[in-house]
Structure formats: structure tokens, C-alpha cells
>>> print(open('protein-v8.pdb').read())   # PDB, C-alpha atoms and all ligand atoms
MODEL        1
ATOM      1  CA  MET S   1       0.000   0.000   0.000  1.00  0.00           C
ATOM      2  CA  THR S   2       1.235   3.519  -0.780  1.00  0.00           C
ATOM      3  CA  PRO S   3       2.313   5.202   2.422  1.00  0.00           C
ATOM      4  CA  LEU S   4       0.434   8.167   3.765  1.00  0.00           C
ATOM      5  CA  THR S   5       2.523  11.223   4.580  1.00  0.00           C
ATOM      6  CA  ILE S   6       1.476  14.071   6.853  1.00  0.00           C
ATOM      7  CA  ARG S   7       3.445  17.306   6.459  1.00  0.00           C
ATOM      8  CA  SER S   8       3.144  21.078   6.655  1.00  0.00           C
ATOM      9  CA  ALA S   9       1.537  22.721   3.622  1.00  0.00           C
ATOM     10  CA  LEU S  10       3.970  24.171   1.069  1.00  0.00           C
ATOM     11  CA  PRO S  11       3.505  26.875  -1.605  1.00  0.00           C
ATOM     12  CA  ALA S  12       3.308  24.143  -4.278  1.00  0.00           C
ATOM     13  CA  ASP S  13       0.176  22.742  -2.567  1.00  0.00           C
ATOM     14  CA  GLU S  14      -1.897  25.817  -3.437  1.00  0.00           C
ATOM     15  CA  ALA S  15      -3.976  24.267  -6.238  1.00  0.00           C
ATOM     16  CA  ALA S  16      -4.591  21.020  -4.329  1.00  0.00           C
ATOM     17  CA  TRP S  17      -5.453  22.862  -1.113  1.00  0.00           C
ATOM     18  CA  LYS S  18      -7.828  25.206  -2.941  1.00  0.00           C
ATOM     19  CA  ALA S  19      -9.634  22.266  -4.581  1.00  0.00           C
ATOM     20  CA  LEU S  20     -10.018  20.512  -1.212  1.00  0.00           C
ATOM     21  CA  TRP S  21     -11.031  23.786   0.465  1.00  0.00           C
ATOM     22  CA  GLN S  22     -13.788  24.138  -2.109  1.00  0.00           C
ATOM     23  CA  GLY S  23     -14.940  20.591  -1.287  1.00  0.00           C
ATOM     24  CA  TYR S  24     -14.941  21.466   2.401  1.00  0.00           C
ATOM     25  CA  CYS S  25     -16.969  24.655   1.818  1.00  0.00           C
ATOM     26  CA  ASP S  26     -19.410  22.672  -0.331  1.00  0.00           C
ATOM     27  CA  PHE S  27     -19.711  20.075   2.436  1.00  0.00           C
ATOM     28  CA  TYR S  28     -20.826  22.875   4.757  1.00  0.00           C
ATOM     29  CA  LYS S  29     -22.941  24.474   1.981  1.00  0.00           C
ATOM     30  CA  ALA S  30     -20.889  27.576   2.666  1.00  0.00           C
ATOM     31  CA  SER S  31     -19.958  30.204   0.163  1.00  0.00           C
ATOM     32  CA  VAL S  32     -16.556  31.621   1.015  1.00  0.00           C
ATOM     33  CA  SER S  33     -15.335  34.552  -1.049  1.00  0.00           C
ATOM     34  CA  ASP S  34     -12.145  34.366  -3.102  1.00  0.00           C
ATOM     35  CA  ALA S  35     -10.735  37.154  -0.952  1.00  0.00           C
ATOM     36  CA  VAL S  36     -11.126  35.042   2.203  1.00  0.00           C
ATOM     37  CA  THR S  37      -9.721  31.936   0.499  1.00  0.00           C
ATOM     38  CA  ARG S  38      -6.700  33.899  -0.771  1.00  0.00           C
ATOM     39  CA  ARG S  39      -6.099  35.426   2.657  1.00  0.00           C
ATOM     40  CA  THR S  40      -6.447  32.101   4.465  1.00  0.00           C
ATOM     41  CA  TRP S  41      -3.928  30.507   2.114  1.00  0.00           C
ATOM     42  CA  ALA S  42      -1.558  33.470   2.534  1.00  0.00           C
ATOM     43  CA  ARG S  43      -1.743  33.163   6.321  1.00  0.00           C
ATOM     44  CA  ILE S  44      -1.088  29.413   6.113  1.00  0.00           C
ATOM     45  CA  LEU S  45       2.181  30.149   4.323  1.00  0.00           C
ATOM     46  CA  ASP S  46       3.119  33.085   6.559  1.00  0.00           C
ATOM     47  CA  PRO S  47       5.364  31.788   9.381  1.00  0.00           C
ATOM     48  CA  ASP S  48       4.403  34.815  11.495  1.00  0.00           C
ATOM     49  CA  ALA S  49       0.662  34.124  11.276  1.00  0.00           C
ATOM     50  CA  ALA S  50      -1.168  32.033  13.876  1.00  0.00           C
ATOM     51  CA  VAL S  51      -2.813  29.942  11.149  1.00  0.00           C
ATOM     52  CA  MET S  52      -1.135  26.707  10.118  1.00  0.00           C
ATOM     53  CA  CYS S  53      -2.042  23.854   7.810  1.00  0.00           C
ATOM     54  CA  ILE S  54      -0.928  20.273   7.481  1.00  0.00           C
ATOM     55  CA  VAL S  55      -1.763  18.077   4.536  1.00  0.00           C
ATOM     56  CA  ALA S  56      -2.143  14.342   3.995  1.00  0.00           C
ATOM     57  CA  GLU S  57      -0.366  13.073   0.888  1.00  0.00           C
ATOM     58  CA  HIS S  58      -1.143   9.706  -0.623  1.00  0.00           C
ATOM     59  CA  GLY S  59       0.630   8.385  -3.701  1.00  0.00           C
ATOM     60  CA  GLY S  60       2.033  11.857  -4.385  1.00  0.00           C
ATOM     61  CA  GLN S  61      -1.408  13.466  -4.196  1.00  0.00           C
ATOM     62  CA  VAL S  62      -2.642  15.790  -1.490  1.00  0.00           C
ATOM     63  CA  VAL S  63      -5.890  14.183  -0.323  1.00  0.00           C
ATOM     64  CA  GLY S  64      -6.701  16.048   2.874  1.00  0.00           C
ATOM     65  CA  PHE S  65      -5.861  18.950   5.138  1.00  0.00           C
ATOM     66  CA  ALA S  66      -6.200  20.267   8.659  1.00  0.00           C
ATOM     67  CA  ASN S  67      -6.234  24.044   9.167  1.00  0.00           C
ATOM     68  CA  CYS S  68      -5.424  25.159  12.700  1.00  0.00           C
ATOM     69  CA  VAL S  69      -5.019  28.327  14.735  1.00  0.00           C
ATOM     70  CA  VAL S  70      -2.497  28.315  17.571  1.00  0.00           C
ATOM     71  CA  HIS S  71      -3.477  30.932  20.124  1.00  0.00           C
ATOM     72  CA  GLU S  72      -2.941  32.262  23.622  1.00  0.00           C
ATOM     73  CA  ASN S  73      -5.483  31.465  26.304  1.00  0.00           C
ATOM     74  CA  THR S  74      -6.393  32.615  29.786  1.00  0.00           C
ATOM     75  CA  TRP S  75      -6.424  29.217  31.471  1.00  0.00           C
ATOM     76  CA  GLU S  76      -2.918  27.952  30.929  1.00  0.00           C
ATOM     77  CA  LEU S  77       0.549  29.370  30.469  1.00  0.00           C
ATOM     78  CA  GLN S  78       0.996  27.613  27.136  1.00  0.00           C
ATOM     79  CA  ALA S  79      -0.707  28.277  23.821  1.00  0.00           C
ATOM     80  CA  VAL S  80      -3.502  25.999  22.635  1.00  0.00           C
ATOM     81  CA  CYS S  81      -4.238  24.644  19.172  1.00  0.00           C
ATOM     82  CA  TYR S  82      -7.685  24.985  17.637  1.00  0.00           C
ATOM     83  CA  LEU S  83      -8.295  22.550  14.802  1.00  0.00           C
ATOM     84  CA  GLU S  84     -10.653  24.683  12.743  1.00  0.00           C
ATOM     85  CA  ASP S  85     -11.062  22.721   9.502  1.00  0.00           C
ATOM     86  CA  LEU S  86     -10.506  19.048   8.735  1.00  0.00           C
ATOM     87  CA  TYR S  87     -11.234  17.577   5.337  1.00  0.00           C
ATOM     88  CA  VAL S  88     -10.396  14.459   3.327  1.00  0.00           C
ATOM     89  CA  ALA S  89     -11.402  14.092  -0.337  1.00  0.00           C
ATOM     90  CA  PRO S  90     -14.362  11.691  -0.666  1.00  0.00           C
ATOM     91  CA  ALA S  91     -12.365   9.189  -2.762  1.00  0.00           C
ATOM     92  CA  ALA S  92      -9.633   9.002  -0.121  1.00  0.00           C
ATOM     93  CA  ARG S  93     -11.846   8.560   2.934  1.00  0.00           C
ATOM     94  CA  GLY S  94     -11.786   5.526   5.187  1.00  0.00           C
ATOM     95  CA  GLN S  95      -8.051   4.965   4.647  1.00  0.00           C
ATOM     96  CA  GLY S  96      -6.739   6.627   7.760  1.00  0.00           C
ATOM     97  CA  ALA S  97      -5.936  10.138   6.493  1.00  0.00           C
ATOM     98  CA  GLY S  98      -8.286  11.894   8.921  1.00  0.00           C
ATOM     99  CA  ARG S  99      -6.935   9.941  11.851  1.00  0.00           C
ATOM    100  CA  ALA S 100      -3.321  10.536  10.768  1.00  0.00           C
ATOM    101  CA  LEU S 101      -3.899  14.314  10.541  1.00  0.00           C
ATOM    102  CA  ILE S 102      -5.228  14.432  14.110  1.00  0.00           C
ATOM    103  CA  GLU S 103      -2.473  12.146  15.368  1.00  0.00           C
ATOM    104  CA  TRP S 104       0.130  14.438  13.785  1.00  0.00           C
ATOM    105  CA  LEU S 105      -1.408  17.382  15.660  1.00  0.00           C
ATOM    106  CA  ARG S 106      -1.471  15.446  18.921  1.00  0.00           C
ATOM    107  CA  ASN S 107       2.257  14.733  18.506  1.00  0.00           C
ATOM    108  CA  ALA S 108       2.883  18.393  17.630  1.00  0.00           C
ATOM    109  CA  MET S 109       1.030  19.410  20.798  1.00  0.00           C
ATOM    110  CA  ARG S 110       3.472  17.365  22.854  1.00  0.00           C
ATOM    111  CA  ALA S 111       6.508  18.595  20.910  1.00  0.00           C
ATOM    112  CA  GLU S 112       5.484  22.277  20.883  1.00  0.00           C
ATOM    113  CA  GLY S 113       4.193  22.336  24.458  1.00  0.00           C
ATOM    114  CA  TRP S 114       0.647  23.385  23.586  1.00  0.00           C
ATOM    115  CA  ALA S 115      -1.660  22.941  26.558  1.00  0.00           C
ATOM    116  CA  ARG S 116      -4.516  21.566  24.484  1.00  0.00           C
ATOM    117  CA  LEU S 117      -5.675  20.530  21.050  1.00  0.00           C
ATOM    118  CA  TYR S 118      -9.396  21.096  20.595  1.00  0.00           C
ATOM    119  CA  TRP S 119     -12.048  21.238  17.928  1.00  0.00           C
ATOM    120  CA  MET S 120     -15.810  21.137  17.446  1.00  0.00           C
ATOM    121  CA  THR S 121     -18.183  19.620  14.974  1.00  0.00           C
ATOM    122  CA  HIS S 122     -21.877  19.423  14.239  1.00  0.00           C
ATOM    123  CA  LYS S 123     -23.584  17.048  16.647  1.00  0.00           C
ATOM    124  CA  ASP S 124     -25.013  15.042  13.721  1.00  0.00           C
ATOM    125  CA  ASN S 125     -21.724  14.679  11.824  1.00  0.00           C
ATOM    126  CA  VAL S 126     -21.628  10.935  12.482  1.00  0.00           C
ATOM    127  CA  MET S 127     -18.652  10.175  10.215  1.00  0.00           C
ATOM    128  CA  ALA S 128     -16.458  12.778  11.910  1.00  0.00           C
ATOM    129  CA  ARG S 129     -17.695  11.958  15.392  1.00  0.00           C
ATOM    130  CA  ASP S 130     -16.929   8.247  14.916  1.00  0.00           C
ATOM    131  CA  LEU S 131     -13.344   9.292  14.384  1.00  0.00           C
ATOM    132  CA  TYR S 132     -13.235  11.965  17.112  1.00  0.00           C
ATOM    133  CA  ASP S 133     -14.706   9.637  19.750  1.00  0.00           C
ATOM    134  CA  GLN S 134     -11.605   7.492  19.306  1.00  0.00           C
ATOM    135  CA  PHE S 135      -9.463  10.390  20.573  1.00  0.00           C
ATOM    136  CA  THR S 136     -11.559  11.698  23.440  1.00  0.00           C
ATOM    137  CA  GLN S 137     -15.113  12.140  24.649  1.00  0.00           C
ATOM    138  CA  ALA S 138     -17.010  15.253  23.593  1.00  0.00           C
ATOM    139  CA  ASP S 139     -17.668  17.610  26.494  1.00  0.00           C
ATOM    140  CA  ASP S 140     -20.959  19.339  27.359  1.00  0.00           C
ATOM    141  CA  PHE S 141     -20.191  22.833  26.112  1.00  0.00           C
ATOM    142  CA  VAL S 142     -22.415  24.346  23.418  1.00  0.00           C
ATOM    143  CA  ARG S 143     -21.494  27.124  21.011  1.00  0.00           C
ATOM    144  CA  TYR S 144     -22.998  30.642  20.896  1.00  0.00           C
ATOM    145  CA  VAL S 145     -22.328  32.857  17.872  1.00  0.00           C
ATOM    146  CA  VAL S 146     -23.195  36.554  17.730  1.00  0.00           C
ATOM    147  CA  ARG S 147     -22.756  38.490  14.511  1.00  0.00           C
ATOM    148  CA  PRO S 148     -22.445  42.263  13.942  1.00  0.00           C
ATOM    149  CA  GLY S 149     -25.862  42.347  12.263  1.00  0.00           C
ATOM    150  CA  GLY S 150     -27.541  41.054  15.432  1.00  0.00           C
TER     151      GLY S 150
HETATM  152  C1  LIG C 201     -14.295  13.290   8.913  1.00  0.00           C
HETATM  153  C2  LIG C 201     -13.221  12.974   7.870  1.00  0.00           C
HETATM  154  C3  LIG C 201     -12.151  14.049   7.927  1.00  0.00           C
HETATM  155  C4  LIG C 201     -12.597  11.618   8.237  1.00  0.00           C
HETATM  156  O1  LIG C 201     -11.534  11.385   7.337  1.00  0.00           O
HETATM  157  P1  LIG C 201     -11.109   9.906   6.895  1.00  0.00           P
HETATM  158  O2  LIG C 201      -9.791  10.007   6.237  1.00  0.00           O
HETATM  159  O3  LIG C 201     -12.196   9.256   6.161  1.00  0.00           O
HETATM  160  O4  LIG C 201     -10.966   9.207   8.319  1.00  0.00           O
HETATM  161  P2  LIG C 201     -10.197   7.862   8.623  1.00  0.00           P
HETATM  162  O5  LIG C 201     -10.017   7.040   7.393  1.00  0.00           O
HETATM  163  O6  LIG C 201      -8.989   8.201   9.410  1.00  0.00           O
HETATM  164  O7  LIG C 201     -11.274   7.130   9.483  1.00  0.00           O
HETATM  165  C5  LIG C 201     -11.151   6.958  10.823  1.00  0.00           C
HETATM  166  C6  LIG C 201     -12.532   6.712  11.451  1.00  0.00           C
HETATM  167  O8  LIG C 201     -13.535   7.562  10.914  1.00  0.00           O
HETATM  168  C7  LIG C 201     -14.760   6.861  10.855  1.00  0.00           C
HETATM  169  N1  LIG C 201     -15.180   6.742   9.472  1.00  0.00           N
HETATM  170  C8  LIG C 201     -14.444   6.846   8.363  1.00  0.00           C
HETATM  171  N2  LIG C 201     -15.197   6.685   7.261  1.00  0.00           N
HETATM  172  C9  LIG C 201     -16.452   6.477   7.718  1.00  0.00           C
HETATM  173  C10 LIG C 201     -17.688   6.247   7.084  1.00  0.00           C
HETATM  174  N3  LIG C 201     -17.785   6.172   5.750  1.00  0.00           N
HETATM  175  N4  LIG C 201     -18.762   6.098   7.846  1.00  0.00           N
HETATM  176  C11 LIG C 201     -18.684   6.170   9.198  1.00  0.00           C
HETATM  177  N5  LIG C 201     -17.514   6.385   9.846  1.00  0.00           N
HETATM  178  C12 LIG C 201     -16.435   6.539   9.113  1.00  0.00           C
HETATM  179  C13 LIG C 201     -14.536   5.518  11.447  1.00  0.00           C
HETATM  180  O9  LIG C 201     -14.809   5.605  12.833  1.00  0.00           O
HETATM  181  C14 LIG C 201     -13.064   5.316  11.227  1.00  0.00           C
HETATM  182  O10 LIG C 201     -12.552   4.505  12.212  1.00  0.00           O
HETATM  183  P3  LIG C 201     -12.079   2.999  11.869  1.00  0.00           P
HETATM  184  O11 LIG C 201     -10.986   3.145  10.847  1.00  0.00           O
HETATM  185  O12 LIG C 201     -11.618   2.481  13.184  1.00  0.00           O
HETATM  186  O13 LIG C 201     -13.314   2.331  11.301  1.00  0.00           O
HETATM  187  C15 LIG C 201     -13.818  12.856   6.448  1.00  0.00           C
HETATM  188  O14 LIG C 201     -14.877  11.934   6.467  1.00  0.00           O
HETATM  189  C16 LIG C 201     -14.335  14.172   5.896  1.00  0.00           C
HETATM  190  O15 LIG C 201     -13.580  14.965   5.343  1.00  0.00           O
HETATM  191  N6  LIG C 201     -15.652  14.414   6.034  1.00  0.00           N
HETATM  192  C17 LIG C 201     -16.283  15.601   5.471  1.00  0.00           C
HETATM  193  C18 LIG C 201     -15.845  16.882   6.177  1.00  0.00           C
HETATM  194  C19 LIG C 201     -16.001  16.791   7.667  1.00  0.00           C
HETATM  195  O16 LIG C 201     -16.987  16.307   8.210  1.00  0.00           O
HETATM  196  N7  LIG C 201     -14.990  17.332   8.347  1.00  0.00           N
HETATM  197  C20 LIG C 201     -14.979  17.396   9.783  1.00  0.00           C
HETATM  198  C21 LIG C 201     -15.690  18.641  10.163  1.00  0.00           C
HETATM  199  S1  LIG C 201     -15.503  19.002  11.889  1.00  0.00           S
ENDMDL
END
>>> encode(input="protein-v8.pdb", output="C-alpha cells")
Amino acid sequence: MTPLTIRSALPADEAAWKALWQGYCDFYKASVSDAVTRRTWARILDPDAAVMCIVAEHGGQVVGFANCVVHENTWELQAVCYLEDLYVAPAARGQGAGRALIEWLRNAMRAEGWARLYWMTHKDNVMARDLYDQFTQADDFVRYVVRPGG
């Protein structure tokens, strides 16, 4: 079997990342402007930005990504890592890429000294939750979102 590689995103991954990002936005029925997509990609490549991205490569093809934000917090001395977006191309699912991306981040947490790695998902996202439940139990917090328009 072709090995699966997890690595930081590189400039040459732009086209592959953008295609997967589009798939991810479609999955959420979200319309994200080109300006946001361009800025997100630019921040991924910017070593001074808090946004980072790792990709899963299979047989020389980028088949998935995890976008994260590493940020300060008020509860611990160390930074924490928020896994904001996780996506694997439909044809590559069920082969361990999603798990490997999270495992890579869990190892990075230990190596970088982050206090926590955390993420959220829709309560009915069974496929994702099957995977997440193998890492930890979901807690009881719920999300509130307020927007400028009220
Ligand atoms: C969630 C997602 C990232 C998982 O990626 P993946 O590469 O398929 O995951 P893996 O191959 O590592 O699968 C690991 C576990 O996921 C679950 N899983 C994978 N495919 C599944 C399927 N078709 N049905 C149900 N569970 C599934 C299983 O629990 C599996 O564990 P197992 O190998 O012990 O059976 C992928 O399905 C995806 O991109 N989904 C659409 C976007 C999404 O929901 N992102 C997460 C938003 S928070």
C-alpha cells in the first residue's frame, strides 16, 4: 500500500489545497469569497501568522488537510491549538488520512508544548464523530455565535 505522509503545507500545494477547500466549503454548503480563500492561504504560508495547515499526501497526491489556529489562552501558560477545519477528499476517505492528521497534531502538541488541542463539529456529523470519539469524549459545552448584524 502507498504510504500516507502528513506534512506542513507548502507553496506548491496551493492548487490542491484550494480544490479541497472548495470541497470542504461545499460540504458545509458555505460560500466563502475568493478574498477570504486567498487570505487564508496566505496566512497558512506566513510563518508569522497564527494559522497553520498540514496536509495528507497519498501516492504523491494531497488528499486532505487540517487548518489550525495556535493561540494564547487565559487558562494555561501555554498556547492551545484549535483545529478549525478538517477535510479528506471523498475518494480518499476511510483509509486513515483523517486519523493521521489528528495524530500528527497530537504529537505536535506534545513537541510544541501546547496545553490543548481542541475542535468542534456538528452534533449530527456521524462520520467525523466516529473518528473523534476514538481520541476523546465530547464535552458538554455548546457554542454561541453573535454576529455584527444582530
Ligand atoms: C471526517 C473525515 C475528515 C474523516 O476522514 P477519513 O480520512 O475518512 O478518516 P479515517 O479514514 O482516518 O477514518 C477513521 C474513522 O472515521 C470513521 N469513518 C471513516 N469513514 C467512515 C464512514 N464512511 N462512515 C462512518 N464512519 C467513518 C470511522 O470511525 C473510522 O474509524 P475505523 O478506521 O476504526 O473504522 C472525512 O470523512 C471528511 O472529510 N468528512 C467531510 C468533512 C467533515 O466532516 N470534516 C470534519 C468537520 S468538523
>>> residues_near_point(input="protein-v8.pdb", point="(-8.3, 21.4, 13.7)", cutoff="10 Å", atoms="only C-alpha atoms", output="mmCIF file with C-alpha atoms, in the frame of the given file")
data_model
loop_
_atom_site.group_PDB
_atom_site.id
_atom_site.type_symbol
_atom_site.label_atom_id
_atom_site.label_comp_id
_atom_site.auth_asym_id
_atom_site.auth_seq_id
_atom_site.Cartn_x
_atom_site.Cartn_y
_atom_site.Cartn_z
ATOM 1 C CA MET S 52 -1.135 26.707 10.118
ATOM 2 C CA CYS S 53 -2.042 23.854 7.810
ATOM 3 C CA ILE S 54 -0.928 20.273 7.481
ATOM 4 C CA PHE S 65 -5.861 18.950 5.138
ATOM 5 C CA ALA S 66 -6.200 20.267 8.659
ATOM 6 C CA ASN S 67 -6.234 24.044 9.167
ATOM 7 C CA CYS S 68 -5.424 25.159 12.700
ATOM 8 C CA VAL S 69 -5.019 28.327 14.735
ATOM 9 C CA VAL S 70 -2.497 28.315 17.571
ATOM 10 C CA CYS S 81 -4.238 24.644 19.172
ATOM 11 C CA TYR S 82 -7.685 24.985 17.637
ATOM 12 C CA LEU S 83 -8.295 22.550 14.802
ATOM 13 C CA GLU S 84 -10.653 24.683 12.743
ATOM 14 C CA ASP S 85 -11.062 22.721 9.502
ATOM 15 C CA LEU S 86 -10.506 19.048 8.735
ATOM 16 C CA TYR S 87 -11.234 17.577 5.337
ATOM 17 C CA LEU S 101 -3.899 14.314 10.541
ATOM 18 C CA ILE S 102 -5.228 14.432 14.110
ATOM 19 C CA LEU S 105 -1.408 17.382 15.660
ATOM 20 C CA LEU S 117 -5.675 20.530 21.050
ATOM 21 C CA TYR S 118 -9.396 21.096 20.595
ATOM 22 C CA TRP S 119 -12.048 21.238 17.928
ATOM 23 C CA MET S 120 -15.810 21.137 17.446
#
>>> residues_near_ligand(input="protein-v8.pdb", ligand="ligand LIG 201 (chain C)", cutoff="10 Å", atoms="all atoms listed in the file", output="PyMOL selection string")
chain S and resi 20+23-28+56+63-66+83-103+119-134
>>> closest_residue(input="protein-v8.pdb", among="S:Asn107, S:Ser8, S:Thr2, S:Gln22", to="S:Ile44", atoms="only C-alpha atoms")
S:Ser8
>>> atom_distance(input="protein-v8.pdb", atom1="atom CA of S:Thr37", atom2="atom CA of S:Val62")
17.7 Å
>>> residues_near_point(input="protein-v8.pdb", point="(-1.4, 27.6, -1.5)", cutoff="12 Å", atoms="only C-alpha atoms", output="PyMOL selection string")
chain S and resi 8-21+37-46+52-55+62+65
>>> axis_aligned_box(input="protein-v8.pdb", around="stretch 58-61 of chain S", padding_each_side="6 Å", output="AutoDock Vina command-line options")
--center_x 0.3 --center_y 10.9 --center_z -2.5 --size_x 15.4 --size_y 17.1 --size_z 15.8
>>> closest_residue(input="protein-v8.pdb", among="S:Gly150, S:Ala111, S:Arg116, S:Arg7", to="S:His71", atoms="all atoms listed in the file")
S:Arg116
>>> atom_distance(input="protein-v8.pdb", atom1="atom CA of S:Ala115", atom2="atom CA of S:Trp75")
9.3 Å
>>> atom_distance(input="protein-v8.pdb", atom1="atom CA of S:Glu72", atom2="atom CA of S:Pro47")
16.5 Å
>>> resolve_selection(input="protein-v8.pdb", expression="the PyMOL selection byres (((chain S and resi 114) around 7) and not hetatm)", output="mmCIF file with C-alpha atoms, in the frame of the given file")
data_model
loop_
_atom_site.group_PDB
_atom_site.id
_atom_site.type_symbol
_atom_site.label_atom_id
_atom_site.label_comp_id
_atom_site.auth_asym_id
_atom_site.auth_seq_id
_atom_site.Cartn_x
_atom_site.Cartn_y
_atom_site.Cartn_z
ATOM 1 C CA GLN S 78 0.996 27.613 27.136
ATOM 2 C CA ALA S 79 -0.707 28.277 23.821
ATOM 3 C CA VAL S 80 -3.502 25.999 22.635
ATOM 4 C CA CYS S 81 -4.238 24.644 19.172
ATOM 5 C CA MET S 109 1.030 19.410 20.798
ATOM 6 C CA ARG S 110 3.472 17.365 22.854
ATOM 7 C CA GLU S 112 5.484 22.277 20.883
ATOM 8 C CA GLY S 113 4.193 22.336 24.458
ATOM 9 C CA ALA S 115 -1.660 22.941 26.558
ATOM 10 C CA ARG S 116 -4.516 21.566 24.484
#
>>> closest_residue(input="protein-v8.pdb", among="S:Arg106, S:Ala35, S:Ala50, S:Gly60", to="S:Phe135", atoms="all atoms listed in the file")
S:Arg106
>>> decode(input="protein-v8.pdb", residues="stretch 58-75 of chain S", atoms="N, CA and C atoms", output="PDB file, in the first residue's frame")
ATOM      1  N   HIS S  58      -1.006  11.143  -0.359  1.00  0.00           N
ATOM      2  CA  HIS S  58      -1.143   9.706  -0.623  1.00  0.00           C
ATOM      3  C   HIS S  58      -0.778   9.479  -2.073  1.00  0.00           C
ATOM      4  N   GLY S  59       0.216   8.640  -2.324  1.00  0.00           N
ATOM      5  CA  GLY S  59       0.630   8.385  -3.701  1.00  0.00           C
ATOM      6  C   GLY S  59       0.972   9.671  -4.444  1.00  0.00           C
ATOM      7  N   GLY S  60       1.613  10.606  -3.757  1.00  0.00           N
ATOM      8  CA  GLY S  60       2.033  11.857  -4.385  1.00  0.00           C
ATOM      9  C   GLY S  60       0.918  12.879  -4.547  1.00  0.00           C
ATOM     10  N   GLN S  61      -0.258  12.553  -4.068  1.00  0.00           N
ATOM     11  CA  GLN S  61      -1.408  13.466  -4.196  1.00  0.00           C
ATOM     12  C   GLN S  61      -1.856  13.958  -2.834  1.00  0.00           C
ATOM     13  N   VAL S  62      -2.115  15.250  -2.740  1.00  0.00           N
ATOM     14  CA  VAL S  62      -2.642  15.790  -1.490  1.00  0.00           C
ATOM     15  C   VAL S  62      -4.127  15.450  -1.426  1.00  0.00           C
ATOM     16  N   VAL S  63      -4.506  14.676  -0.392  1.00  0.00           N
ATOM     17  CA  VAL S  63      -5.890  14.183  -0.323  1.00  0.00           C
ATOM     18  C   VAL S  63      -6.672  14.757   0.863  1.00  0.00           C
ATOM     19  N   GLY S  64      -5.985  15.495   1.721  1.00  0.00           N
ATOM     20  CA  GLY S  64      -6.701  16.048   2.874  1.00  0.00           C
ATOM     21  C   GLY S  64      -5.891  17.131   3.553  1.00  0.00           C
ATOM     22  N   PHE S  65      -6.577  17.896   4.391  1.00  0.00           N
ATOM     23  CA  PHE S  65      -5.861  18.950   5.138  1.00  0.00           C
ATOM     24  C   PHE S  65      -6.487  19.149   6.512  1.00  0.00           C
ATOM     25  N   ALA S  66      -5.696  19.762   7.375  1.00  0.00           N
ATOM     26  CA  ALA S  66      -6.200  20.267   8.659  1.00  0.00           C
ATOM     27  C   ALA S  66      -5.678  21.700   8.783  1.00  0.00           C
ATOM     28  N   ASN S  67      -6.597  22.644   8.920  1.00  0.00           N
ATOM     29  CA  ASN S  67      -6.234  24.044   9.167  1.00  0.00           C
ATOM     30  C   ASN S  67      -6.394  24.314  10.657  1.00  0.00           C
ATOM     31  N   CYS S  68      -5.406  24.926  11.250  1.00  0.00           N
ATOM     32  CA  CYS S  68      -5.424  25.159  12.700  1.00  0.00           C
ATOM     33  C   CYS S  68      -5.054  26.596  13.029  1.00  0.00           C
ATOM     34  N   VAL S  69      -5.452  27.035  14.201  1.00  0.00           N
ATOM     35  CA  VAL S  69      -5.019  28.327  14.735  1.00  0.00           C
ATOM     36  C   VAL S  69      -4.402  28.059  16.104  1.00  0.00           C
ATOM     37  N   VAL S  70      -3.170  28.463  16.273  1.00  0.00           N
ATOM     38  CA  VAL S  70      -2.497  28.315  17.571  1.00  0.00           C
ATOM     39  C   VAL S  70      -2.622  29.659  18.276  1.00  0.00           C
ATOM     40  N   HIS S  71      -3.192  29.648  19.475  1.00  0.00           N
ATOM     41  CA  HIS S  71      -3.477  30.932  20.124  1.00  0.00           C
ATOM     42  C   HIS S  71      -3.241  30.908  21.633  1.00  0.00           C
ATOM     43  N   GLU S  72      -3.068  32.103  22.175  1.00  0.00           N
ATOM     44  CA  GLU S  72      -2.941  32.262  23.622  1.00  0.00           C
ATOM     45  C   GLU S  72      -4.259  31.905  24.283  1.00  0.00           C
ATOM     46  N   ASN S  73      -4.223  31.657  25.589  1.00  0.00           N
ATOM     47  CA  ASN S  73      -5.483  31.465  26.304  1.00  0.00           C
ATOM     48  C   ASN S  73      -5.314  31.896  27.749  1.00  0.00           C
ATOM     49  N   THR S  74      -6.431  32.048  28.434  1.00  0.00           N
ATOM     50  CA  THR S  74      -6.393  32.615  29.786  1.00  0.00           C
ATOM     51  C   THR S  74      -6.323  31.554  30.874  1.00  0.00           C
ATOM     52  N   TRP S  75      -6.326  30.283  30.476  1.00  0.00           N
ATOM     53  CA  TRP S  75      -6.424  29.217  31.471  1.00  0.00           C
ATOM     54  C   TRP S  75      -5.118  28.487  31.723  1.00  0.00           C
TER      55      TRP S  75
END
